[in-house]
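Colleague: Structure file data.txt, compact mmCIF, C-alpha atoms, is pasted below:
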```
# COMPACT_ATOMS: atom_id res chain seq x y z
CA MET M 1 13.58 -0.08 -19.14
CA SER M 2 15.00 0.20 -22.62
CA THR M 3 11.92 1.29 -24.57
CA PRO M 4 11.11 5.01 -24.32
CA ALA M 5 7.64 6.15 -23.35
CA SER M 6 5.77 6.08 -26.62
CA THR M 7 2.24 6.44 -27.80
CA GLY M 8 0.62 3.80 -29.99
CA THR M 9 -2.56 4.55 -31.84
CA ALA M 10 -4.53 1.44 -30.82
CA PRO M 11 -4.79 -0.82 -27.77
CA ARG M 12 -2.37 -3.73 -27.92
CA GLY M 13 -3.82 -7.13 -28.73
CA LYS M 14 -2.47 -10.15 -26.86
CA HIS M 15 0.11 -10.99 -29.54
CA THR M 16 1.40 -7.42 -29.73
CA LEU M 17 1.58 -7.36 -25.96
CA ALA M 18 3.39 -10.70 -25.87
CA ALA M 19 5.90 -9.36 -28.40
CA ALA M 20 6.47 -6.25 -26.26
CA ILE M 21 7.13 -8.39 -23.19
CA ALA M 22 9.45 -10.68 -25.15
CA ARG M 23 11.54 -7.66 -26.20
CA ASP M 24 12.03 -6.75 -22.53
CA VAL M 25 13.18 -10.21 -21.38
CA PRO M 26 16.96 -9.86 -21.06
CA ASP M 27 19.09 -12.09 -23.25
CA GLY M 28 20.11 -15.22 -21.41
CA ALA M 29 17.47 -14.82 -18.70
CA TYR M 30 15.94 -17.79 -16.93
CA ALA M 31 12.22 -17.15 -17.23
CA ASN M 32 8.90 -18.73 -16.27
CA LEU M 33 5.83 -17.94 -18.34
CA GLY M 34 2.55 -18.50 -16.53
CA ILE M 35 -0.33 -20.56 -17.84
CA GLY M 36 -2.58 -18.82 -20.37
CA GLN M 37 -1.66 -15.66 -22.24
CA PRO M 38 1.86 -15.35 -20.81
CA THR M 39 2.85 -18.51 -22.71
CA LEU M 40 2.44 -16.44 -25.91
CA VAL M 41 5.61 -14.55 -24.96
CA SER M 42 7.69 -17.57 -25.96
CA ASP M 43 6.50 -17.19 -29.58
CA HIS M 44 8.15 -13.79 -29.73
CA LEU M 45 11.52 -14.39 -28.08
CA ARG M 46 14.30 -13.46 -30.47
CA PRO M 47 16.08 -16.50 -31.92
CA GLY M 48 19.49 -16.58 -30.31
CA SER M 49 18.31 -14.63 -27.25
CA GLY M 50 19.51 -17.46 -25.06
CA VAL M 51 16.43 -17.17 -22.84
CA VAL M 52 15.93 -20.42 -20.92
CA LEU M 53 12.34 -21.27 -20.04
CA HIS M 54 11.53 -22.88 -16.69
CA THR M 55 8.39 -24.90 -16.08
CA GLU M 56 7.52 -25.55 -12.46
CA ASN M 57 6.67 -29.19 -13.00
CA GLY M 58 10.39 -29.79 -13.31
CA MET M 59 12.24 -28.73 -16.45
CA LEU M 60 14.56 -26.04 -17.79
CA ASN M 61 14.95 -25.21 -21.49
CA PHE M 62 11.83 -26.66 -22.96
CA GLY M 63 10.96 -25.82 -26.55
CA PRO M 64 7.84 -25.19 -28.61
CA ALA M 65 4.63 -27.19 -28.24
CA ALA M 66 5.03 -30.75 -29.47
CA VAL M 67 3.29 -31.71 -32.69
CA GLU M 68 2.33 -35.09 -34.11
CA ASP M 69 4.89 -37.76 -33.24
CA GLU M 70 6.75 -35.41 -30.89
CA VAL M 71 3.87 -35.63 -28.40
CA ASP M 72 4.97 -37.45 -25.23
CA GLU M 73 2.70 -37.48 -22.18
CA GLU M 74 5.79 -37.51 -19.98
CA LEU M 75 7.08 -34.25 -21.48
CA ILE M 76 4.62 -31.51 -20.57
CA ASN M 77 4.68 -27.96 -19.26
CA ALA M 78 2.86 -26.53 -16.24
CA GLY M 79 -0.27 -26.08 -18.35
CA LYS M 80 -0.06 -29.83 -19.07
CA ILE M 81 0.61 -29.03 -22.75
CA PRO M 82 3.02 -31.44 -24.49
CA VAL M 83 6.24 -29.56 -25.25
CA THR M 84 9.65 -30.39 -26.67
CA GLU M 85 13.15 -30.58 -25.26
CA LEU M 86 15.91 -28.21 -26.41
CA PRO M 87 19.63 -29.00 -26.22
CA GLY M 88 20.82 -28.13 -22.73
CA ALA M 89 17.51 -29.04 -21.11
CA ALA M 90 17.46 -30.37 -17.55
CA TYR M 91 14.88 -32.23 -15.49
CA PHE M 92 14.47 -32.02 -11.72
CA HIS M 93 11.90 -32.82 -9.07
CA HIS M 94 9.27 -30.50 -7.65
CA ALA M 95 11.11 -29.49 -4.48
CA ASP M 96 14.13 -28.44 -6.55
CA SER M 97 11.93 -26.66 -9.05
CA PHE M 98 10.34 -24.46 -6.41
CA ALA M 99 13.63 -23.96 -4.60
CA MET M 100 14.81 -22.35 -7.86
CA MET M 101 12.01 -19.80 -7.48
CA ARG M 102 12.19 -19.08 -3.77
CA GLY M 103 15.97 -19.09 -3.87
CA GLY M 104 16.04 -16.16 -6.26
CA HIS M 105 17.50 -18.05 -9.20
CA LEU M 106 14.71 -17.30 -11.64
CA ASP M 107 15.23 -13.93 -13.34
CA VAL M 108 11.72 -13.21 -14.61
CA CYS M 109 8.24 -14.61 -14.44
CA VAL M 110 5.21 -13.39 -16.38
CA LEU M 111 1.80 -14.00 -14.82
CA GLY M 112 -1.81 -13.18 -15.56
CA ALA M 113 -3.83 -11.29 -12.95
CA PHE M 114 -7.28 -10.26 -11.81
CA GLN M 115 -5.89 -7.22 -9.99
CA VAL M 116 -2.59 -5.52 -9.15
CA SER M 117 -2.40 -2.83 -6.49
CA ALA M 118 -0.34 0.32 -6.70
CA ASN M 119 2.19 -1.13 -4.28
CA GLY M 120 2.53 -4.34 -6.26
CA ASP M 121 0.17 -6.70 -4.42
CA LEU M 122 -1.03 -9.40 -6.79
CA ALA M 123 -4.43 -11.13 -6.94
CA ASN M 124 -4.56 -13.84 -9.58
CA TRP M 125 -5.70 -17.12 -8.04
CA HIS M 126 -9.21 -16.76 -6.67
CA THR M 127 -12.18 -14.56 -7.49
CA GLY M 128 -13.42 -14.84 -3.93
CA ALA M 129 -16.79 -16.08 -5.17
CA PRO M 130 -18.33 -18.15 -2.36
CA ASP M 131 -19.01 -21.17 -4.58
CA ALA M 132 -15.59 -21.16 -6.27
CA ILE M 133 -13.33 -24.12 -5.52
CA PRO M 134 -9.96 -22.67 -4.49
CA ALA M 135 -6.98 -23.77 -6.60
CA VAL M 136 -3.60 -22.05 -6.39
CA GLY M 137 -1.02 -24.24 -8.14
CA GLY M 138 2.36 -22.51 -8.28
CA ALA M 139 1.05 -18.94 -8.46
CA MET M 140 2.00 -17.94 -4.90
CA ASP M 141 5.44 -19.51 -5.15
CA LEU M 142 6.18 -17.72 -8.44
CA ALA M 143 4.84 -14.40 -7.19
CA ILE M 144 7.24 -14.21 -4.27
CA GLY M 145 10.08 -16.14 -5.86
CA ALA M 146 11.13 -14.67 -9.18
CA GLU M 147 13.53 -11.72 -9.12
CA GLN M 148 11.25 -9.79 -11.49
CA VAL M 149 7.51 -10.41 -11.53
CA TRP M 150 5.72 -9.05 -14.57
CA VAL M 151 1.97 -9.16 -15.08
CA MET M 152 0.26 -9.43 -18.47
CA MET M 153 -3.42 -8.50 -18.51
CA THR M 154 -6.07 -6.16 -19.88
CA LEU M 155 -6.20 -2.92 -17.93
CA PHE M 156 -9.97 -3.01 -17.49
CA ALA M 157 -12.24 -5.91 -16.62
CA LYS M 158 -15.19 -6.77 -18.83
CA ASP M 159 -17.44 -4.65 -16.59
CA GLY M 160 -15.14 -1.66 -17.17
CA SER M 161 -13.60 -1.64 -13.71
CA PRO M 162 -9.83 -1.04 -13.56
CA LYS M 163 -7.57 -3.97 -12.68
CA VAL M 164 -4.76 -1.69 -11.47
CA VAL M 165 -6.20 -0.56 -8.16
CA PRO M 166 -5.31 1.23 -4.90
CA ALA M 167 -5.83 -2.04 -3.00
CA CYS M 168 -6.85 -5.46 -4.27
CA THR M 169 -10.37 -6.60 -3.41
CA TYR M 170 -9.80 -10.17 -4.59
CA PRO M 171 -7.93 -12.63 -2.34
CA LEU M 172 -4.19 -11.96 -2.58
CA THR M 173 -1.57 -14.16 -4.22
CA GLY M 174 1.40 -12.21 -2.88
CA LEU M 175 2.30 -8.94 -1.15
CA ALA M 176 4.24 -6.18 -2.92
CA CYS M 177 5.66 -8.64 -5.42
CA VAL M 178 4.83 -7.19 -8.85
CA ASP M 179 7.45 -5.05 -10.57
CA ARG M 180 5.80 -4.29 -13.88
CA VAL M 181 2.32 -4.54 -15.45
CA TYR M 182 1.91 -4.91 -19.21
CA THR M 183 -1.59 -4.09 -20.43
CA ASP M 184 -3.37 -3.40 -23.69
CA LEU M 185 -3.39 0.34 -22.99
CA ALA M 186 -0.06 0.96 -21.26
CA THR M 187 2.86 -0.54 -19.38
CA PHE M 188 3.21 0.38 -15.71
CA GLU M 189 6.25 0.28 -13.43
CA ILE M 190 5.46 -0.25 -9.76
CA THR M 191 7.59 2.21 -7.81
CA ALA M 192 6.58 1.50 -4.23
CA SER M 193 9.66 -0.62 -3.61
CA ARG M 194 11.90 2.06 -5.13
CA GLY M 195 11.19 4.74 -2.60
CA ARG M 196 9.05 7.00 -4.79
CA ALA M 197 7.18 8.93 -2.12
CA ASP M 198 3.86 9.42 -3.91
CA GLY M 199 3.66 5.78 -4.96
CA ALA M 200 2.79 6.85 -8.50
CA LEU M 201 3.01 4.28 -11.26
CA LEU M 202 5.39 5.12 -14.09
CA VAL M 203 3.63 4.78 -17.42
CA ARG M 204 5.08 4.04 -20.83
CA ASP M 205 3.90 2.55 -24.10
CA LEU M 206 0.55 4.33 -24.05
CA SER M 207 -1.52 2.60 -26.73
CA GLY M 208 -4.79 4.03 -27.95
CA THR M 209 -5.12 6.28 -24.91
CA THR M 210 -3.54 9.28 -23.24
CA LEU M 211 -2.13 9.86 -19.79
CA SER M 212 -5.00 12.14 -18.86
CA ALA M 213 -7.57 9.61 -20.09
CA LEU M 214 -5.87 6.96 -17.98
CA SER M 215 -5.76 9.26 -14.95
CA ASP M 216 -9.48 9.80 -15.28
CA ARG M 217 -10.26 6.10 -15.26
CA LEU M 218 -7.74 4.89 -12.63
CA GLU M 219 -7.82 5.52 -8.90
CA VAL M 220 -4.04 5.35 -8.60
CA PRO M 221 -1.60 8.15 -9.48
CA VAL M 222 0.22 7.74 -12.79
CA VAL M 223 3.08 9.75 -14.29
CA LEU M 224 4.93 9.39 -17.57
CA ALA M 225 8.15 7.42 -17.31
CA MET J 226 16.46 -53.47 3.69
CA SER J 227 16.40 -53.45 -0.09
CA ALA J 228 13.10 -53.18 -1.92
CA ARG J 229 10.94 -56.20 -2.67
CA VAL J 230 10.26 -56.63 -6.35
CA LEU J 231 6.67 -57.68 -7.01
CA ASP J 232 4.76 -58.38 -10.16
CA SER J 233 1.32 -57.82 -8.67
CA TYR J 234 -0.09 -54.35 -8.08
CA ALA J 235 -2.73 -55.92 -5.83
CA GLU J 236 -0.11 -57.56 -3.60
CA SER J 237 1.89 -54.34 -3.39
CA VAL J 238 -1.00 -52.38 -1.81
CA ALA J 239 -2.62 -55.23 0.13
CA ASP J 240 -1.69 -53.82 3.56
CA VAL J 241 -2.76 -50.19 3.09
CA ALA J 242 -4.88 -49.49 6.17
CA ASP J 243 -8.11 -47.52 6.47
CA GLY J 244 -7.38 -43.94 7.46
CA SER J 245 -3.93 -43.88 5.86
CA THR J 246 -2.36 -40.74 4.45
CA VAL J 247 -1.38 -41.68 0.90
CA LEU J 248 1.02 -39.56 -1.17
CA VAL J 249 0.20 -39.97 -4.86
CA GLY J 250 2.76 -38.87 -7.46
CA GLY J 251 2.05 -37.32 -10.81
CA PHE J 252 1.39 -33.99 -12.44
CA GLY J 253 -1.48 -34.49 -14.82
CA MET J 254 -0.95 -37.95 -16.27
CA ALA J 255 2.84 -37.61 -16.23
CA GLY J 256 4.13 -39.80 -13.41
CA MET J 257 0.63 -40.79 -12.31
CA PRO J 258 0.74 -44.32 -10.82
CA VAL J 259 -2.57 -45.32 -12.39
CA GLU J 260 -2.22 -49.08 -11.89
CA LEU J 261 -1.37 -48.65 -8.20
CA ILE J 262 -4.40 -46.41 -7.70
CA ASP J 263 -6.63 -48.94 -9.47
CA ALA J 264 -5.24 -51.64 -7.18
CA LEU J 265 -5.97 -49.47 -4.15
CA ILE J 266 -9.56 -49.06 -5.31
CA ASP J 267 -9.91 -52.85 -5.58
CA GLN J 268 -8.22 -53.30 -2.20
CA GLY J 269 -10.92 -51.24 -0.53
CA ALA J 270 -9.06 -49.07 2.01
CA LYS J 271 -11.26 -46.16 3.04
CA ASP J 272 -11.22 -42.92 5.00
CA LEU J 273 -7.99 -42.01 3.20
CA VAL J 274 -6.19 -38.68 3.13
CA ILE J 275 -4.76 -38.17 -0.36
CA VAL J 276 -1.82 -35.85 -0.97
CA SER J 277 -1.30 -35.08 -4.65
CA ASN J 278 -0.92 -32.08 -6.92
CA ASN J 279 -4.40 -32.41 -8.38
CA ALA J 280 -7.64 -33.98 -7.21
CA GLY J 281 -8.30 -36.33 -10.08
CA ASN J 282 -9.01 -35.93 -13.77
CA GLY J 283 -11.80 -37.50 -15.79
CA ASP J 284 -13.18 -40.71 -14.34
CA THR J 285 -10.06 -42.83 -13.89
CA GLY J 286 -7.17 -43.00 -11.43
CA LEU J 287 -7.55 -40.63 -8.47
CA ALA J 288 -10.97 -39.54 -9.72
CA ALA J 289 -12.15 -43.15 -9.56
CA LEU J 290 -10.79 -43.50 -6.01
CA LEU J 291 -12.71 -40.35 -5.04
CA ALA J 292 -15.86 -41.55 -6.82
CA ALA J 293 -15.66 -44.79 -4.82
CA LYS J 294 -16.00 -42.63 -1.65
CA ARG J 295 -12.71 -43.87 -0.19
CA VAL J 296 -11.22 -40.44 0.41
CA ARG J 297 -11.94 -38.28 3.45
CA LYS J 298 -9.64 -35.41 2.61
CA VAL J 299 -7.52 -34.16 -0.28
CA ILE J 300 -4.39 -32.07 0.27
CA CYS J 301 -3.39 -30.59 -3.08
CA SER J 302 -2.43 -27.41 -4.90
CA PHE J 303 -4.83 -27.41 -7.83
CA PRO J 304 -8.10 -29.34 -7.45
CA ARG J 305 -10.20 -27.35 -9.90
CA GLN J 306 -9.67 -28.25 -13.54
CA SER J 307 -11.80 -28.59 -16.64
CA ASP J 308 -12.12 -32.33 -16.03
CA SER J 309 -12.25 -32.52 -12.21
CA TRP J 310 -16.00 -33.11 -12.09
CA VAL J 311 -15.75 -36.00 -9.62
CA PHE J 312 -13.93 -33.90 -7.02
CA ASP J 313 -16.06 -30.83 -7.77
CA GLY J 314 -19.25 -32.77 -7.12
CA LEU J 315 -18.03 -34.27 -3.84
CA TYR J 316 -16.71 -30.91 -2.65
CA ARG J 317 -19.89 -29.03 -3.43
CA ALA J 318 -21.91 -31.76 -1.70
CA GLY J 319 -19.73 -31.37 1.39
CA GLU J 320 -18.56 -34.96 1.14
CA ILE J 321 -14.83 -34.30 1.01
CA GLU J 322 -12.41 -32.05 2.88
CA LEU J 323 -9.94 -29.90 0.97
CA GLU J 324 -6.65 -28.34 2.07
CA VAL J 325 -5.22 -26.16 -0.69
CA VAL J 326 -1.44 -25.80 -0.44
CA PRO J 327 0.76 -23.76 -2.79
CA GLN J 328 2.51 -26.19 -5.11
CA GLY J 329 6.01 -25.42 -3.86
CA ASN J 330 4.91 -25.69 -0.23
CA LEU J 331 3.34 -29.05 -0.98
CA ALA J 332 6.70 -30.28 -2.27
CA GLU J 333 8.75 -28.62 0.46
CA ARG J 334 6.52 -29.85 3.28
CA MET J 335 7.05 -33.40 2.05
CA ARG J 336 10.75 -32.74 1.61
CA ALA J 337 10.86 -31.58 5.23
CA ALA J 338 9.07 -34.74 6.35
CA GLY J 339 11.59 -36.88 4.49
CA ALA J 340 14.55 -34.93 5.80
CA GLY J 341 13.60 -34.93 9.47
CA ILE J 342 12.85 -31.19 9.61
CA GLY J 343 10.32 -30.29 12.31
CA ALA J 344 8.97 -27.19 10.54
CA PHE J 345 10.31 -24.38 8.38
CA PHE J 346 9.68 -20.70 7.67
CA CYS J 347 8.63 -20.02 4.09
CA PRO J 348 7.75 -16.72 2.38
CA THR J 349 5.16 -18.23 0.04
CA GLY J 350 1.60 -17.13 0.71
CA VAL J 351 2.36 -14.56 3.40
CA GLY J 352 -0.45 -12.01 3.44
CA THR J 353 -2.83 -14.37 1.62
CA PRO J 354 -5.72 -16.49 2.86
CA LEU J 355 -3.52 -19.61 2.68
CA THR J 356 -1.35 -18.56 5.63
CA GLU J 357 -4.18 -17.31 7.84
CA GLY J 358 -3.67 -18.54 11.38
CA LYS J 359 -0.04 -19.53 10.77
CA GLU J 360 2.83 -18.12 12.79
CA ILE J 361 4.52 -15.29 10.88
CA ARG J 362 8.11 -14.33 11.65
CA GLU J 363 10.21 -11.54 10.21
CA ILE J 364 13.71 -12.69 9.33
CA ASP J 365 16.17 -10.21 7.84
CA GLY J 366 13.33 -7.84 7.00
CA ARG J 367 11.18 -10.38 5.20
CA ALA J 368 8.02 -12.10 6.49
CA TYR J 369 7.82 -15.89 6.56
CA ALA J 370 5.07 -18.31 7.57
CA LEU J 371 5.70 -21.40 9.66
CA GLU J 372 4.98 -24.56 7.66
CA TYR J 373 4.84 -28.09 9.01
CA PRO J 374 5.86 -31.31 7.26
CA ILE J 375 3.44 -33.58 5.43
CA LYS J 376 4.30 -37.19 6.15
CA GLY J 377 2.67 -40.12 4.41
CA ASP J 378 1.88 -43.58 5.64
CA VAL J 379 2.20 -44.75 2.06
CA ALA J 380 3.56 -43.23 -1.15
CA LEU J 381 2.41 -44.45 -4.55
CA ILE J 382 4.77 -43.26 -7.26
CA LYS J 383 5.75 -44.09 -10.82
CA ALA J 384 9.29 -44.30 -12.14
CA HIS J 385 10.78 -45.39 -15.43
CA THR J 386 13.30 -48.04 -14.37
CA ALA J 387 14.27 -49.70 -11.10
CA ASP J 388 17.05 -52.09 -10.29
CA ARG J 389 16.29 -55.00 -7.99
CA MET J 390 17.52 -53.08 -4.95
CA GLY J 391 14.96 -50.33 -5.57
CA ASN J 392 17.16 -47.60 -7.05
CA LEU J 393 14.98 -45.53 -9.36
CA VAL J 394 15.37 -43.40 -12.44
CA TYR J 395 12.54 -41.36 -13.90
CA ARG J 396 11.71 -40.13 -17.37
CA ARG J 397 11.39 -36.47 -18.37
CA THR J 398 8.71 -34.45 -16.53
CA ALA J 399 7.19 -37.62 -15.12
CA ARG J 400 9.76 -37.22 -12.33
CA ASN J 401 7.77 -34.37 -10.71
CA PHE J 402 6.77 -35.35 -7.13
CA GLY J 403 8.19 -38.89 -7.19
CA PRO J 404 11.61 -38.28 -5.64
CA VAL J 405 10.21 -36.11 -2.83
CA MET J 406 7.31 -38.44 -2.03
CA ALA J 407 9.73 -41.35 -1.95
CA THR J 408 11.45 -39.74 1.04
CA ALA J 409 8.30 -38.75 2.90
CA ALA J 410 6.29 -41.93 3.51
CA ARG J 411 6.78 -44.91 5.77
CA THR J 412 6.02 -47.37 2.97
CA VAL J 413 7.06 -46.39 -0.55
CA ILE J 414 5.63 -48.32 -3.49
CA ALA J 415 6.97 -47.56 -6.96
CA GLN J 416 5.44 -48.87 -10.15
CA VAL J 417 8.02 -48.98 -12.92
CA GLY J 418 8.12 -49.84 -16.58
CA HIS J 419 11.37 -51.78 -16.41
CA VAL J 420 13.39 -53.70 -13.83
CA VAL J 421 17.10 -54.29 -14.34
CA GLU J 422 19.58 -56.37 -12.37
CA VAL J 423 21.61 -54.85 -9.55
CA GLY J 424 24.46 -53.00 -11.26
CA GLY J 425 22.32 -52.30 -14.29
CA LEU J 426 21.83 -48.62 -13.43
CA ASP J 427 24.68 -46.13 -13.63
CA PRO J 428 25.10 -45.02 -9.99
CA GLU J 429 25.75 -41.47 -11.20
CA THR J 430 22.27 -41.30 -12.70
CA VAL J 431 20.20 -42.80 -9.87
CA VAL J 432 17.63 -40.19 -8.80
CA THR J 433 15.93 -42.02 -5.92
CA PRO J 434 18.37 -44.22 -3.99
CA SER J 435 17.09 -47.62 -2.88
CA ILE J 436 17.10 -46.69 0.82
CA TYR J 437 13.80 -44.88 0.30
CA VAL J 438 11.99 -47.57 -1.67
CA ASP J 439 10.13 -50.50 -0.08
CA ARG J 440 8.37 -52.13 -3.01
CA VAL J 441 8.93 -52.09 -6.75
CA VAL J 442 6.04 -53.29 -8.87
CA CYS J 443 6.42 -54.36 -12.48
CA PRO J 444 4.34 -57.15 -13.99
CA GLY J 445 6.57 -60.02 -15.05
CA ALA J 446 9.56 -58.82 -13.06
CA GLN J 447 9.19 -60.80 -9.82
CA GLU J 448 12.33 -62.59 -8.80
CA ALA J 449 12.37 -66.30 -9.47
```
For this file, produce the structure as structure tokens.
Modeller:
Amino acid sequence: MSTPASTGTAPRGKHTLAAAIARDVPDGAYANLGIGQPTLVSDHLRPGSGVVLHTENGMLNFGPAAVEDEVDEELINAGKIPVTELPGAAYFHHADSFAMMRGGHLDVCVLGAFQVSANGDLANWHTGAPDAIPAVGGAMDLAIGAEQVWVMMTLFAKDGSPKVVPACTYPLTGLACVDRVYTDLATFEITASRGRADGALLVRDLSGTTLSALSDRLEVPVVLA
Amino acid sequence: MSARVLDSYAESVADVADGSTVLVGGFGMAGMPVELIDALIDQGAKDLVIVSNNAGNGDTGLAALLAAKRVRKVICSFPRQSDSWVFDGLYRAGEIELEVVPQGNLAERMRAAGAGIGAFFCPTGVGTPLTEGKEIREIDGRAYALEYPIKGDVALIKAHTADRMGNLVYRRTARNFGPVMATAARTVIAQVGHVVEVGGLDPETVVTPSIYVDRVVCPGAQEA
């Protein structure tokens, strides 16, 4: 982690958060940005960073969203958004695309989430509502496949309940797979896999809150990084 | 045997039997064999099991096949979308079965079928509802779930160009499931935009070799 623990005065909006994540993606990394807010991270990657974006429908090194006559229905990302092709791009079929994930070749993925537990369990595919039609896509493959799994989400749900929790109550996407959680109020490092005995989350980038305010609202132990 | 080149979608799907498992390529509209699906609707086969990434969009293609009540079960990774109202309605009415499979497992299970693999251990989905009831084995300290192949009776795929032997090349992200589905079904039917003579494709660029392909369909391309 290169950025020191710091305190911002206001919660981070999605663009500020995307910029913060983009700064942490190592130069030259092969990265997958999940559907929804994580795609915003690509807008903030430093030109010349050499980051290569992977899309699970079968492409490496795609570029910005296609506009006007660039739009080609056979050149889309996993969100089915028309994109563009950068020099050095490559196409491959689905089995190869997911082998890249499971095989440990993808350096980073950024995913949205409903909940993340203190030991890094991820719930992001199903609310568990009895009338919901289950749909998983590539979420489970990404969660267990990428070398680093980062989550981008708000820290509290609309009803005020925390989304970083002792144990997920929503159906799981993957076990102990999340390494880092970027939220509007703080960034959390999951330490369970690093042998920290108390399982506390390391907190940095406090934004519009304080450690003690966070401690009061979360049911998981947090310490400053 | 090399592929037969046909110019009729209807002829290419004429022998699809009731109860068949049909692998349908495409991710969104990219690589979706729309004309083959339309021909299958006209052909009338019913009680089908459809294997595809999605469960139909809008009112055309797979959605139209579902709406015609020809499909008993869908095996897919992502049925629920903003425009999947046909599937949603059938599912909520209890008129269609659904097996949700993580997208990579969907591809790998077909790859296994095409490669003669009896089953494989995969880490995806361990500890989630999608591996409930599956055998879990720890290998080198990591937990894996036992996954079985998905084999098709028929695959309907779309490629960019075929030669008259059935070698295929694809275009951009329309490749998606095509190459894997081409290995995993007993009868593989590819609709293509262009047919070239044997020798007209650079062998170094062939993505799906002709050995996998039974029928190539391209209007106007039938051999004289």
Colleague: Select, as a ChimeraX atom specification, those residues of chain M with any atom no more than 6 Å from chain J (distances computed using only C-alpha atoms).
Modeller: /M:57-58,73-75,93-95,98,135-138,140-141,172-173
Colleague: One number please: CA of Lys14 (chain M) to CA of Cys168 (chain M), in Å, one decimal.
Modeller: 23.5 Å
Colleague: Smallest atom-to-atom distance to Gly79 (chain M): which of M:Gly36, M:Gly120, M:Gly104, M:Gly112, using all atoms listed in the file?
Modeller: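 Residue with the minimum atom-to-atom distance to Gly79 (chain M): M:Gly36.
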Colleague: Hey, which of J:Glu236, J:Asp263, J:Asp243, J:Glu360 ends up closest to Tyr373 (chain J)? Count all atoms listed in the file.
Modeller: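 Ranking J:Glu236, J:Asp263, J:Asp243, J:Glu360 by distance to Tyr373 (chain J), first place goes to J:Glu360.
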Colleague: Any idea what's packed within 8 Å of Val421 (chain J), counting only C-alpha atoms, ignoring anything in its chain fewer than 4 positions away? Could you give it as a ChimeraX atom specification?
Modeller: /J:386-389,425-426
Colleague: Compile the contact shell of Asp24 (chain M) as a ChimeraX atom specification: residues with an atom at most 12 Å away, counting all atoms listed in the file, same-chain residues fewer than 4 positions apart removed.
Modeller: /M:1-4,17-20,28-29,31,41,44-46,49,51,108-110,148,150,180,182,187
Colleague: Between M:Ser161, M:Gly63, M:Asp96, M:Leu111, which is the closest to Pro82 (chain M) once you count only C-alpha atoms?
Modeller: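 Nearest candidate to Pro82 (chain M) out of M:Ser161, M:Gly63, M:Asp96, M:Leu111: M:Gly63.
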